[in-house]
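Here is the file data_1.txt (compact mmCIF, C-alpha atoms (C1' of nucleotides)).
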# COMPACT_ATOMS: atom_id res chain seq x y z
CA MET G 1236 8.48 18.52 -16.79
CA PRO G 1237 6.96 15.11 -16.37
CA GLU G 1238 9.63 12.45 -16.12
CA LEU G 1239 9.24 8.95 -14.77
CA PRO G 1240 8.08 9.80 -11.22
CA GLU G 1241 5.44 12.23 -12.41
CA VAL G 1242 4.21 9.79 -15.04
CA GLU G 1243 3.95 7.06 -12.44
CA VAL G 1244 1.72 9.30 -10.34
CA VAL G 1245 -0.51 9.79 -13.37
CA ARG G 1246 -0.55 6.05 -14.02
CA ARG G 1247 -1.88 5.39 -10.53
CA GLY G 1248 -4.50 8.04 -10.92
CA LEU G 1249 -5.65 6.65 -14.25
CA THR G 1250 -5.99 3.17 -12.84
CA ARG G 1251 -7.96 4.51 -9.94
CA TRP G 1252 -10.32 6.77 -11.86
CA VAL G 1253 -10.81 5.42 -15.38
CA ALA G 1254 -9.82 1.72 -15.46
CA GLY G 1255 -12.84 -0.45 -16.14
CA ARG G 1256 -14.85 2.35 -17.73
CA THR G 1257 -16.19 2.19 -21.27
CA VAL G 1258 -15.66 5.01 -23.74
CA ASP G 1259 -18.86 6.71 -24.84
CA SER G 1260 -17.48 9.54 -26.94
CA VAL G 1261 -14.20 11.13 -27.95
CA GLU G 1262 -13.63 14.73 -28.92
CA VAL G 1263 -10.35 15.67 -30.54
CA ARG G 1264 -9.98 19.42 -30.29
CA HIS G 1265 -6.45 19.68 -31.67
CA PRO G 1266 -5.16 17.29 -34.35
CA ARG G 1267 -1.57 17.63 -33.25
CA ALA G 1268 -2.44 15.92 -29.97
CA ILE G 1269 -3.16 12.70 -31.87
CA ARG G 1270 -0.48 13.11 -34.57
CA ARG G 1271 0.99 9.73 -33.69
CA HIS G 1272 -2.35 8.20 -34.61
CA THR G 1273 -1.66 8.40 -38.31
CA ALA G 1274 -5.19 7.46 -39.40
CA GLY G 1275 -6.39 10.80 -38.06
CA PRO G 1276 -8.80 12.26 -35.50
CA ALA G 1277 -12.00 10.70 -36.84
CA ASP G 1278 -10.49 7.22 -36.88
CA PHE G 1279 -9.13 7.73 -33.37
CA ALA G 1280 -12.52 8.77 -32.06
CA ASP G 1281 -14.45 6.09 -33.91
CA ARG G 1282 -12.24 3.21 -32.91
CA LEU G 1283 -12.01 4.29 -29.30
CA THR G 1284 -15.74 4.56 -28.81
CA GLY G 1285 -17.16 1.49 -27.10
CA LEU G 1286 -13.84 0.22 -25.80
CA ARG G 1287 -13.35 -0.66 -22.15
CA LEU G 1288 -10.19 0.63 -20.51
CA GLY G 1289 -7.89 -1.70 -18.60
CA THR G 1290 -5.25 -1.11 -15.93
CA ALA G 1291 -2.79 1.66 -16.80
CA ARG G 1292 0.81 0.58 -17.50
CA ARG G 1293 4.00 2.55 -17.79
CA ARG G 1294 7.43 2.18 -19.30
CA GLY G 1295 9.74 5.09 -18.75
CA LYS G 1296 7.77 8.20 -19.64
CA TYR G 1297 5.20 6.34 -21.74
CA LEU G 1298 1.79 5.40 -20.39
CA TRP G 1299 -0.78 3.12 -21.93
CA LEU G 1300 -4.19 1.67 -21.24
CA PRO G 1301 -4.87 -1.74 -22.72
CA VAL G 1302 -8.42 -1.86 -24.05
CA THR G 1303 -10.94 -4.61 -24.52
CA GLY G 1304 -14.28 -4.86 -26.20
CA GLY G 1305 -15.73 -3.00 -29.11
CA GLY G 1306 -18.12 -5.86 -29.80
CA PRO G 1307 -21.82 -6.20 -29.00
CA ALA G 1308 -21.26 -6.44 -25.24
CA ALA G 1309 -19.39 -3.17 -25.19
CA GLN G 1310 -22.09 -1.51 -27.25
CA THR G 1311 -24.62 -2.62 -24.70
CA ALA G 1312 -22.51 -1.04 -22.01
CA ALA G 1313 -22.24 2.14 -24.05
CA GLU G 1314 -26.03 2.35 -23.98
CA GLY G 1315 -25.89 2.27 -20.22
CA ILE G 1316 -27.16 -1.28 -19.85
CA ALA G 1317 -25.08 -3.80 -17.98
CA PRO G 1318 -23.60 -6.27 -20.45
CA LEU G 1319 -24.64 -9.89 -20.14
CA VAL G 1320 -21.12 -11.01 -20.85
CA THR G 1321 -18.10 -8.98 -19.86
CA PRO G 1322 -15.71 -8.79 -22.79
CA SER G 1323 -12.53 -10.56 -21.78
CA VAL G 1324 -10.78 -11.24 -25.06
CA THR G 1325 -8.22 -8.58 -25.78
CA HIS G 1326 -8.29 -7.07 -29.21
CA GLY G 1327 -4.61 -6.42 -28.81
CA LEU G 1328 -5.11 -2.69 -28.64
CA ALA G 1329 -3.91 -0.03 -26.25
CA ILE G 1330 -4.28 3.72 -25.88
CA LEU G 1331 -0.79 5.16 -25.72
CA ALA G 1332 -0.08 8.45 -23.97
CA HIS G 1333 2.98 10.63 -23.71
CA LEU G 1334 2.83 13.85 -21.73
CA GLY G 1335 5.68 15.52 -23.57
CA MET G 1336 6.72 18.75 -21.92
CA SER G 1337 3.48 20.07 -20.59
CA GLY G 1338 0.83 17.39 -20.96
CA GLN G 1339 -1.70 16.58 -18.26
CA LEU G 1340 -4.29 13.85 -17.99
CA LEU G 1341 -7.09 15.14 -15.81
CA VAL G 1342 -10.23 13.48 -14.54
CA GLN G 1343 -12.71 16.32 -14.29
CA PRO G 1344 -16.42 16.70 -13.63
CA GLN G 1345 -18.21 16.90 -16.96
CA ASP G 1346 -19.48 20.38 -16.19
CA ALA G 1347 -16.07 21.77 -15.24
CA PRO G 1348 -15.02 24.62 -17.56
CA ASP G 1349 -12.75 23.61 -20.41
CA GLU G 1350 -9.10 24.25 -19.79
CA LYS G 1351 -7.47 26.74 -22.13
CA HIS G 1352 -5.31 24.05 -23.68
CA LEU G 1353 -7.80 21.19 -23.65
CA ARG G 1354 -6.84 18.95 -26.60
CA ILE G 1355 -8.82 15.73 -26.18
CA ARG G 1356 -11.95 14.89 -24.19
CA ILE G 1357 -13.06 11.31 -23.49
CA ARG G 1358 -16.49 10.68 -21.98
CA PHE G 1359 -17.66 7.40 -20.52
CA ALA G 1360 -20.77 5.30 -20.70
CA ASP G 1361 -21.62 5.40 -17.02
CA ASP G 1362 -23.18 7.78 -14.53
CA LEU G 1363 -20.03 8.85 -12.68
CA ASP G 1364 -20.22 12.32 -14.28
CA THR G 1365 -16.49 12.58 -14.75
CA GLU G 1366 -14.50 12.65 -17.97
CA LEU G 1367 -10.87 12.21 -18.96
CA ARG G 1368 -9.14 15.23 -20.44
CA PHE G 1369 -5.80 15.59 -22.15
CA VAL G 1370 -4.58 19.12 -21.63
CA ASP G 1371 -1.30 20.22 -23.17
CA GLN G 1372 -0.08 23.75 -23.67
CA ARG G 1373 2.82 22.97 -25.99
CA THR G 1374 1.45 19.86 -27.70
CA PHE G 1375 4.65 17.87 -27.50
CA GLY G 1376 2.59 15.07 -26.02
CA GLY G 1377 -0.41 13.19 -27.26
CA LEU G 1378 -2.62 10.12 -27.38
CA SER G 1379 -2.82 7.37 -30.00
CA LEU G 1380 -4.25 3.89 -30.50
CA HIS G 1381 -1.95 0.98 -31.36
CA ASP G 1382 -1.73 -2.77 -31.70
CA THR G 1383 0.03 -4.45 -28.84
CA VAL G 1384 3.04 -6.76 -29.05
CA PRO G 1385 1.60 -10.28 -29.44
CA GLY G 1386 1.96 -12.33 -26.30
CA ASP G 1387 3.31 -9.47 -24.20
CA PRO G 1388 1.80 -9.77 -20.70
CA ASP G 1389 1.75 -5.99 -20.31
CA HIS G 1390 0.11 -5.42 -23.71
CA LEU G 1391 2.99 -3.18 -24.76
CA PRO G 1392 2.03 -1.00 -27.74
CA ASP G 1393 4.11 -2.06 -30.73
CA VAL G 1394 5.34 1.45 -31.49
CA ILE G 1395 7.23 1.63 -28.19
CA ALA G 1396 8.80 -1.80 -28.36
CA HIS G 1397 12.16 -0.08 -28.85
CA ILE G 1398 11.89 1.79 -25.54
CA ALA G 1399 14.11 0.21 -22.91
CA ARG G 1400 12.78 -0.85 -19.54
CA ASP G 1401 13.17 1.81 -16.88
CA PRO G 1402 15.32 1.54 -13.76
CA LEU G 1403 12.31 1.09 -11.47
CA ASP G 1404 11.14 -1.90 -13.52
CA ALA G 1405 11.86 -5.15 -11.66
CA ALA G 1406 12.93 -6.66 -14.98
CA PHE G 1407 15.53 -3.97 -15.70
CA ASP G 1408 18.83 -5.76 -16.30
CA ASP G 1409 21.70 -3.90 -14.62
CA ASP G 1410 24.38 -6.09 -16.16
CA ALA G 1411 22.99 -5.73 -19.65
CA PHE G 1412 22.83 -1.97 -19.16
CA HIS G 1413 26.46 -1.86 -18.13
CA THR G 1414 27.50 -3.94 -21.13
CA ALA G 1415 25.49 -1.76 -23.51
CA LEU G 1416 26.94 1.38 -21.92
CA ARG G 1417 30.50 0.14 -22.42
CA ARG G 1418 29.79 -0.68 -26.01
CA ARG G 1419 28.57 2.80 -26.85
CA ARG G 1420 30.92 5.45 -28.11
CA THR G 1421 29.24 8.35 -26.43
CA THR G 1422 29.16 10.28 -23.17
CA ILE G 1423 27.26 9.46 -20.02
CA LYS G 1424 24.51 12.07 -20.08
CA ARG G 1425 23.67 11.33 -23.70
CA ALA G 1426 23.43 7.68 -22.74
CA LEU G 1427 21.17 8.41 -19.77
CA LEU G 1428 18.81 10.31 -22.06
CA ASP G 1429 18.82 7.55 -24.69
CA GLN G 1430 15.46 5.87 -24.15
CA SER G 1431 16.58 2.76 -25.99
CA LEU G 1432 19.28 2.17 -23.35
CA ILE G 1433 17.41 3.18 -20.22
CA SER G 1434 14.04 4.90 -20.19
CA GLY G 1435 12.37 7.42 -17.94
CA VAL G 1436 15.40 9.66 -17.38
CA GLY G 1437 15.06 13.22 -18.64
CA ASN G 1438 17.26 16.27 -18.32
CA ILE G 1439 16.34 16.93 -14.71
CA TYR G 1440 16.95 13.49 -13.26
CA ALA G 1441 20.05 12.99 -15.40
CA ASP G 1442 21.66 16.07 -13.86
CA GLU G 1443 20.52 15.05 -10.38
CA ALA G 1444 21.83 11.49 -10.64
CA LEU G 1445 25.15 12.70 -12.08
CA TRP G 1446 25.54 15.21 -9.25
CA ARG G 1447 24.87 12.52 -6.67
CA SER G 1448 27.38 10.26 -8.42
CA LYS G 1449 29.99 13.05 -8.70
CA LEU G 1450 30.19 12.38 -12.42
CA HIS G 1451 30.68 14.94 -15.19
CA TYR G 1452 28.10 14.79 -17.96
CA ASP G 1453 30.76 14.47 -20.65
CA ARG G 1454 32.47 11.40 -19.23
CA PRO G 1455 32.83 8.77 -21.98
CA THR G 1456 30.69 5.71 -21.33
CA ALA G 1457 33.62 3.52 -22.36
CA THR G 1458 35.40 4.50 -19.13
CA PHE G 1459 32.68 3.10 -16.90
CA THR G 1460 33.58 0.24 -14.60
CA ARG G 1461 30.98 -2.12 -13.27
CA PRO G 1462 30.98 -0.54 -9.76
CA ARG G 1463 30.68 2.94 -11.20
CA THR G 1464 27.70 1.92 -13.32
CA ALA G 1465 26.13 0.26 -10.29
CA GLU G 1466 26.58 3.40 -8.21
CA LEU G 1467 25.09 5.59 -10.91
CA LEU G 1468 22.07 3.33 -11.30
CA GLY G 1469 21.62 3.42 -7.54
CA HIS G 1470 21.52 7.20 -7.59
CA VAL G 1471 19.13 7.26 -10.53
CA ARG G 1472 16.78 5.02 -8.58
CA ASP G 1473 17.22 6.97 -5.35
CA VAL G 1474 16.40 10.33 -6.88
CA MET G 1475 13.41 8.93 -8.74
CA ASN G 1476 12.06 7.19 -5.67
CA ALA G 1477 12.51 10.37 -3.65
CA ALA G 1478 10.53 12.32 -6.24
CA LEU G 1479 7.88 9.64 -6.37
CA ALA G 1480 7.52 9.73 -2.60
CA VAL G 1481 6.77 13.45 -2.69
CA GLY G 1482 4.76 13.55 -5.91
CA GLY G 1483 2.75 10.57 -4.88
CA THR G 1484 0.86 12.50 -2.26
CA SER G 1485 -1.57 14.05 -4.70
CA PHE G 1486 -2.95 11.02 -6.53
CA ASP G 1487 -5.52 10.47 -3.84
CA SER G 1488 -7.53 13.44 -5.02
CA LEU G 1489 -9.98 13.44 -7.87
CA TYR G 1490 -7.42 15.06 -10.10
CA VAL G 1491 -4.94 12.90 -11.89
CA ASN G 1492 -2.24 15.37 -11.22
CA VAL G 1493 0.81 15.90 -13.31
CA ASN G 1494 2.84 19.01 -13.07
CA GLY G 1495 4.87 20.39 -10.27
CA GLU G 1496 2.26 20.61 -7.57
CA SER G 1497 4.27 18.39 -5.28
CA GLY G 1498 6.80 21.17 -4.80
CA TYR G 1499 9.49 18.57 -5.23
CA PHE G 1500 11.31 20.59 -7.84
CA GLU G 1501 11.73 23.62 -5.69
CA ARG G 1502 12.74 21.87 -2.52
CA SER G 1503 14.80 18.85 -3.36
CA LEU G 1504 16.88 19.45 -6.43
CA ASP G 1505 20.64 19.59 -5.91
CA ALA G 1506 21.86 20.60 -9.36
CA TYR G 1507 19.14 21.25 -11.93
CA GLY G 1508 18.14 24.91 -12.16
CA ARG G 1509 20.60 25.98 -9.44
CA GLU G 1510 23.05 28.05 -11.50
CA ASP G 1511 25.29 30.20 -9.27
CA GLU G 1512 23.80 28.68 -6.12
CA PRO G 1513 26.21 26.88 -3.79
CA CYS G 1514 26.72 23.15 -4.20
CA ARG G 1515 25.10 21.45 -1.22
CA ARG G 1516 28.24 19.32 -0.79
CA CYS G 1517 31.13 21.74 -1.21
CA GLY G 1518 29.67 25.23 -1.56
CA THR G 1519 31.12 25.87 -5.02
CA PRO G 1520 28.63 27.70 -7.26
CA ILE G 1521 26.73 25.35 -9.56
CA ARG G 1522 27.37 26.03 -13.22
CA ARG G 1523 25.12 25.85 -16.23
CA ARG G 1524 26.47 24.85 -19.63
CA PRO G 1525 24.64 24.86 -22.96
CA TRP G 1526 24.37 21.26 -23.96
CA MET G 1527 22.49 19.66 -26.84
CA ASN G 1528 20.13 22.62 -27.23
CA ARG G 1529 19.37 22.58 -23.52
CA SER G 1530 21.36 22.97 -20.31
CA SER G 1531 23.50 20.88 -18.05
CA TYR G 1532 23.87 21.86 -14.42
CA PHE G 1533 26.84 20.57 -12.48
CA CYS G 1534 29.28 21.33 -9.68
CA PRO G 1535 32.65 22.19 -11.23
CA ARG G 1536 34.46 20.91 -8.14
CA CYS G 1537 32.57 17.70 -7.35
CA GLN G 1538 32.03 16.76 -10.98
CA ARG G 1539 35.39 17.19 -12.69
CA PRO G 1540 35.46 17.09 -16.47
CA PRO G 1541 37.07 13.99 -17.95
CA ARG G 1542 40.64 14.16 -19.12
CA PRO G 1543 40.63 14.94 -22.85
CA ALA G 1544 41.31 11.90 -25.00
CA ARG G 1545 44.84 11.64 -26.39
CA GLY G 1546 45.18 12.90 -29.93
CA ALA G 1547 42.12 15.08 -29.61
C1' DA O 1186 24.56 -0.04 -37.21
C1' DT O 1187 25.40 3.93 -34.63
C1' DT O 1188 25.53 8.68 -33.76
C1' DC O 1189 23.71 13.20 -33.92
C1' DA O 1190 21.67 17.65 -35.58
C1' DG O 1191 17.19 19.42 -36.73
C1' DT O 1192 12.37 19.83 -35.78
C1' DC O 1193 7.94 20.42 -33.58
C1' DC O 1194 5.21 23.97 -29.91
C1' DT O 1195 3.84 28.14 -26.86
C1' DG O 1196 4.28 30.77 -22.60
C1' DT O 1197 7.51 33.30 -19.88
C1' DA O 1198 11.45 36.18 -18.98
C1' DC O 1199 14.35 39.65 -20.33
C1' DG O 1200 17.02 43.34 -22.84
C1' DC O 1201 16.52 47.36 -25.40
C1' DT V 1036 4.72 49.58 -23.92
C1' DG V 1037 6.11 46.67 -27.20
C1' DC V 1038 9.10 44.15 -29.82
C1' DG V 1039 12.45 40.50 -30.67
C1' DT V 1040 14.96 36.75 -28.80
C1' DA V 1041 16.36 32.93 -25.76
C1' DC V 1042 14.75 29.27 -23.26
C1' DA V 1043 12.17 25.30 -21.45
C1' DG V 1044 13.11 20.12 -23.86
C1' DG V 1045 11.26 14.59 -25.37
C1' DA V 1046 11.47 11.88 -29.11
C1' DC V 1047 11.04 11.22 -33.81
C1' DT V 1048 13.24 11.87 -38.49
C1' DG V 1049 16.68 11.54 -41.65
C1' DA V 1050 21.42 12.24 -42.80
C1' DA V 1051 26.25 11.15 -42.16
Now, as a test, write the supplied structure out as structure tokens.
Amino acid sequence: MPELPEVEVVRRGLTRWVAGRTVDSVEVRHPRAIRRHTAGPADFADRLTGLRLGTARRRGKYLWLPVTGGGPAAQTAAEGIAPLVTPSVTHGLAILAHLGMSGQLLVQPQDAPDEKHLRIRIRFADDLDTELRFVDQRTFGGLSLHDTVPGDPDHLPDVIAHIARDPLDAAFDDDAFHTALRRRRTTIKRALLDQSLISGVGNIYADEALWRSKLHYDRPTATFTRPRTAELLGHVRDVMNAALAVGGTSFDSLYVNVNGESGYFERSLDAYGREDEPCRRCGTPIRRRPWMNRSSYFCPRCQRPPRPARGA
DNA sequence: ATTCAGTCCTGTACGC
DNA sequence: TGCGTACAGGACTGAA
């Protein structure tokens, strides 16, 4: 499942292979893949055509491409003629992407066979002979076009303004996170998955960071001390950086790769998916517990459950 | 305001 | 073999 490290790999690939290119045509093959674009598939395709893509950005698991143009200069470019004036004024628009559970953004030769779950195809007004494809088996992900937050240097799409910065963002505020954590009346894994508190952490990296921190997923956030929060954040960053280091090997290829090809999941996970396998610290079998319609993996010895609250 | 259950989707694995 | 069911699970929605 694409979480922050995988999405970052895609971001780099997008910047390398499609930034600076101008959209020539858009084909929406499955309306659900643009369901967040409420004006519908035709509007999405029409408005995207002629726009020039900027450098890909990321916050947590969200990706976006700020776009410029749409005016006469861009139309000239769409006809394959070099524009006299490069459009530089932002229209305050960005293409937002979320990969969901199974989404992939692929840069493919135009004559490559369609993938079985190809949802959106974007062709460009140049002679590079490659196109951008959104492929998504389960259609939890999608693309959409949005206004950006006025004055935001990263051209953040307005619809994700509520998403917190992620722990690899230089502007992530550790102290503010700790304060917000203490204020919540919830448990630590729920908090880690709350994208308005900290973004980019999904089920896999939550379990991994908790295992590294020797913390049980049901520990109340109100019990967190400043050092404990700092240690947890350190482990979140470590596990994400480790994944990024492995997953980052494939972005050099033509393919903007997304899922699992790094092998990271099979080799390096300590808790997630390891039910009944020995804990790499103490040898106790890892347990799986149903949790919020999914699973939590943990070591019952290293990660002791919290003492039940009095009066419970 | 905050918390949380329900919902969307499809391929795979598994028991009978 | 085929059928039904559980599971993978991010993020939005709406209710409490």
Select from chain V every residue with an atom at most 10 Å from any atom of chain G, then for each give the shortest pair of atoms and their distance in Å to one decimal, using all atoms listed in the file, rows by chain and rising number, as a tab-separated table.
residue	atom	partner	partner_atom	distance
V:DC1042	C1'	G:Arg1529	CA	8.1
V:DA1043	C1'	G:Arg1529	CA	8.0
V:DG1044	C1'	G:Arg1529	CA	6.7
V:DG1045	C1'	G:Gly1335	CA	5.9
V:DA1046	C1'	G:Gln1430	CA	8.8
> Could you state the separation of atom CA of G:Arg1454 and atom CA of G:Ala1478 in Å, given to one decimal place?
Replying inline: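 According to the coordinates, atom CA of G:Arg1454 and atom CA of G:Ala1478 are separated by 25.5 Å.
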> Do you know which residues are at most 10 Å from stretch 1188-1192 of chain O counting only C-alpha atoms (C1' of nucleotides), after dropping those on the same chain fewer than 4 positions away, and could you put them as a ChimeraX atom specification?
Replying inline: /G:1419-1421,1527-1528 /V:1047-1051
>> From the options G:Ala1329, G:Val1258, G:Ala1268, G:Ala1399, which residue's atoms come nearest to chain O, counting only C-alpha atoms (C1' of nucleotides)?
In response: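 Comparing G:Ala1329, G:Val1258, G:Ala1268, G:Ala1399 against chain O, the winner is G:Ala1268.
For chain O, the residues having at least one atom no farther than 8 Å from chain G, when counting all atoms listed in the file, are DC1193, DC1194 and DT1195 of chain O.
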Let me see the file: selected residues, C-alpha atoms (C1' of nucleotides), as a tab-separated table (two decimals), keeping the file's coordinate frame.
chain	number	residue	atom	x	y	z
O	1193	DC	C1'	7.94	20.42	-33.58
O	1194	DC	C1'	5.21	23.97	-29.91
O	1195	DT	C1'	3.84	28.14	-26.86
>> Just the number, please: distance in Å from atom CA of G:Val1244 to atom CA of G:Ser1337, one decimal.
In response: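 Spanning atom CA of G:Val1244 to atom CA of G:Ser1337 is a straight-line distance of 15.0 Å.
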> So, counting all atoms listed in the file, which residue among G:Ser1448, G:Thr1460, G:Ser1434, G:Ser1379 is closest to G:Leu1416?
Replying inline: G:Thr1460
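Using all atoms listed in the file, the shortest contact distance between G:Val1370 and any of G:Leu1288, G:Ile1355, G:Ile1330, G:Met1475 is found at G:Ile1355.
Here atom CA of G:Pro1520 stands at a distance of 28.4 Å from atom CA of G:Pro1462.
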> Nearest to G:Asp1389 among G:Tyr1532, G:Tyr1507, G:Trp1526, G:Trp1299, with distances taken over all atoms listed in the file: which residue is it?
Replying inline: G:Trp1299
Give me the box for stretch 1193-1197 of chain O as lines of an AutoDock Vina configuration file, namely the centre and edge lengths in Å to one decimal of a box along x, y and z that holds every listed atom plus 6 Å on each side.
center_x = 5.9
center_y = 26.9
center_z = -26.7
size_x = 16.1
size_y = 24.9
size_z = 25.7
>> I'd like the neighbourhood of O:DC1199 as a ChimeraX atom specification, where a residue qualifies if any of its atoms comes within 12 Å (using all atoms listed in the file), though same-chain residues fewer than 6 positions away should be ignored.
In response: /V:1038-1042
For all heavy atoms, please extract stretch 1453-1461 of chain G from the block and return it as an mmCIF file, in the first residue's frame.
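Saved file result.cif follows:
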data_model
loop_
_atom_site.group_PDB
_atom_site.id
_atom_site.type_symbol
_atom_site.label_atom_id
_atom_site.label_comp_id
_atom_site.auth_asym_id
_atom_site.auth_seq_id
_atom_site.Cartn_x
_atom_site.Cartn_y
_atom_site.Cartn_z
ATOM 1 N N ASP G 1453 -2.912 0.800 21.834
ATOM 2 C CA ASP G 1453 -4.034 1.359 22.581
ATOM 3 C C ASP G 1453 -3.611 2.275 23.724
ATOM 4 O O ASP G 1453 -4.429 2.603 24.586
ATOM 5 C CB ASP G 1453 -4.920 0.243 23.128
ATOM 6 C CG ASP G 1453 -6.088 -0.065 22.208
ATOM 7 O OD1 ASP G 1453 -6.372 0.778 21.329
ATOM 8 O OD2 ASP G 1453 -6.697 -1.133 22.351
ATOM 9 N N ARG G 1454 -2.361 2.674 23.749
ATOM 10 C CA ARG G 1454 -1.944 3.593 24.814
ATOM 11 C C ARG G 1454 -2.616 4.955 24.619
ATOM 12 O O ARG G 1454 -2.573 5.519 23.527
ATOM 13 C CB ARG G 1454 -0.420 3.767 24.806
ATOM 14 C CG ARG G 1454 0.082 4.856 25.745
ATOM 15 C CD ARG G 1454 1.577 4.803 25.911
ATOM 16 N NE ARG G 1454 1.977 3.633 26.675
ATOM 17 C CZ ARG G 1454 1.931 3.551 28.008
ATOM 18 N NH1 ARG G 1454 1.514 4.587 28.723
ATOM 19 N NH2 ARG G 1454 2.301 2.459 28.629
ATOM 20 N N PRO G 1455 -3.238 5.471 25.682
ATOM 21 C CA PRO G 1455 -3.891 6.793 25.570
ATOM 22 C C PRO G 1455 -2.867 7.887 25.267
ATOM 23 O O PRO G 1455 -1.782 7.916 25.862
ATOM 24 C CB PRO G 1455 -4.523 7.006 26.953
ATOM 25 C CG PRO G 1455 -4.619 5.647 27.550
ATOM 26 C CD PRO G 1455 -3.465 4.854 27.003
ATOM 27 N N THR G 1456 -3.237 8.770 24.362
ATOM 28 C CA THR G 1456 -2.310 9.851 23.992
ATOM 29 C C THR G 1456 -2.071 10.796 25.165
ATOM 30 O O THR G 1456 -1.035 11.462 25.222
ATOM 31 C CB THR G 1456 -2.871 10.659 22.811
ATOM 32 O OG1 THR G 1456 -4.209 11.073 23.125
ATOM 33 C CG2 THR G 1456 -2.900 9.825 21.547
ATOM 34 N N ALA G 1457 -3.035 10.835 26.088
ATOM 35 C CA ALA G 1457 -2.889 11.747 27.236
ATOM 36 C C ALA G 1457 -1.734 11.343 28.147
ATOM 37 O O ALA G 1457 -1.277 12.145 28.963
ATOM 38 C CB ALA G 1457 -4.192 11.806 28.028
ATOM 39 N N THR G 1458 -1.257 10.087 28.007
ATOM 40 C CA THR G 1458 -0.164 9.639 28.883
ATOM 41 C C THR G 1458 1.205 9.970 28.309
ATOM 42 O O THR G 1458 2.222 9.670 28.938
ATOM 43 C CB THR G 1458 -0.231 8.112 29.100
ATOM 44 O OG1 THR G 1458 0.075 7.454 27.856
ATOM 45 C CG2 THR G 1458 -1.614 7.681 29.587
ATOM 46 N N PHE G 1459 1.239 10.569 27.130
ATOM 47 C CA PHE G 1459 2.532 10.783 26.474
ATOM 48 C C PHE G 1459 3.306 11.947 27.082
ATOM 49 O O PHE G 1459 2.787 13.043 27.238
ATOM 50 C CB PHE G 1459 2.349 10.992 24.964
ATOM 51 C CG PHE G 1459 2.319 9.704 24.216
ATOM 52 C CD1 PHE G 1459 1.292 8.793 24.419
ATOM 53 C CD2 PHE G 1459 3.340 9.374 23.327
ATOM 54 C CE1 PHE G 1459 1.273 7.580 23.757
ATOM 55 C CE2 PHE G 1459 3.318 8.162 22.666
ATOM 56 C CZ PHE G 1459 2.291 7.250 22.870
ATOM 57 N N THR G 1460 4.543 11.650 27.436
ATOM 58 C CA THR G 1460 5.456 12.701 27.889
ATOM 59 C C THR G 1460 6.202 13.240 26.678
ATOM 60 O O THR G 1460 6.226 12.616 25.615
ATOM 61 C CB THR G 1460 6.486 12.131 28.877
ATOM 62 O OG1 THR G 1460 7.226 11.099 28.204
ATOM 63 C CG2 THR G 1460 5.792 11.542 30.099
ATOM 64 N N ARG G 1461 6.809 14.373 26.851
ATOM 65 C CA ARG G 1461 7.542 14.986 25.754
ATOM 66 C C ARG G 1461 8.646 14.063 25.197
ATOM 67 O O ARG G 1461 8.757 13.886 23.982
ATOM 68 C CB ARG G 1461 8.119 16.327 26.215
ATOM 69 C CG ARG G 1461 8.464 17.294 25.117
ATOM 70 C CD ARG G 1461 8.731 18.679 25.676
ATOM 71 N NE ARG G 1461 7.514 19.366 26.075
ATOM 72 C CZ ARG G 1461 6.769 20.068 25.209
ATOM 73 N NH1 ARG G 1461 7.112 20.163 23.952
ATOM 74 N NH2 ARG G 1461 5.678 20.666 25.625
#
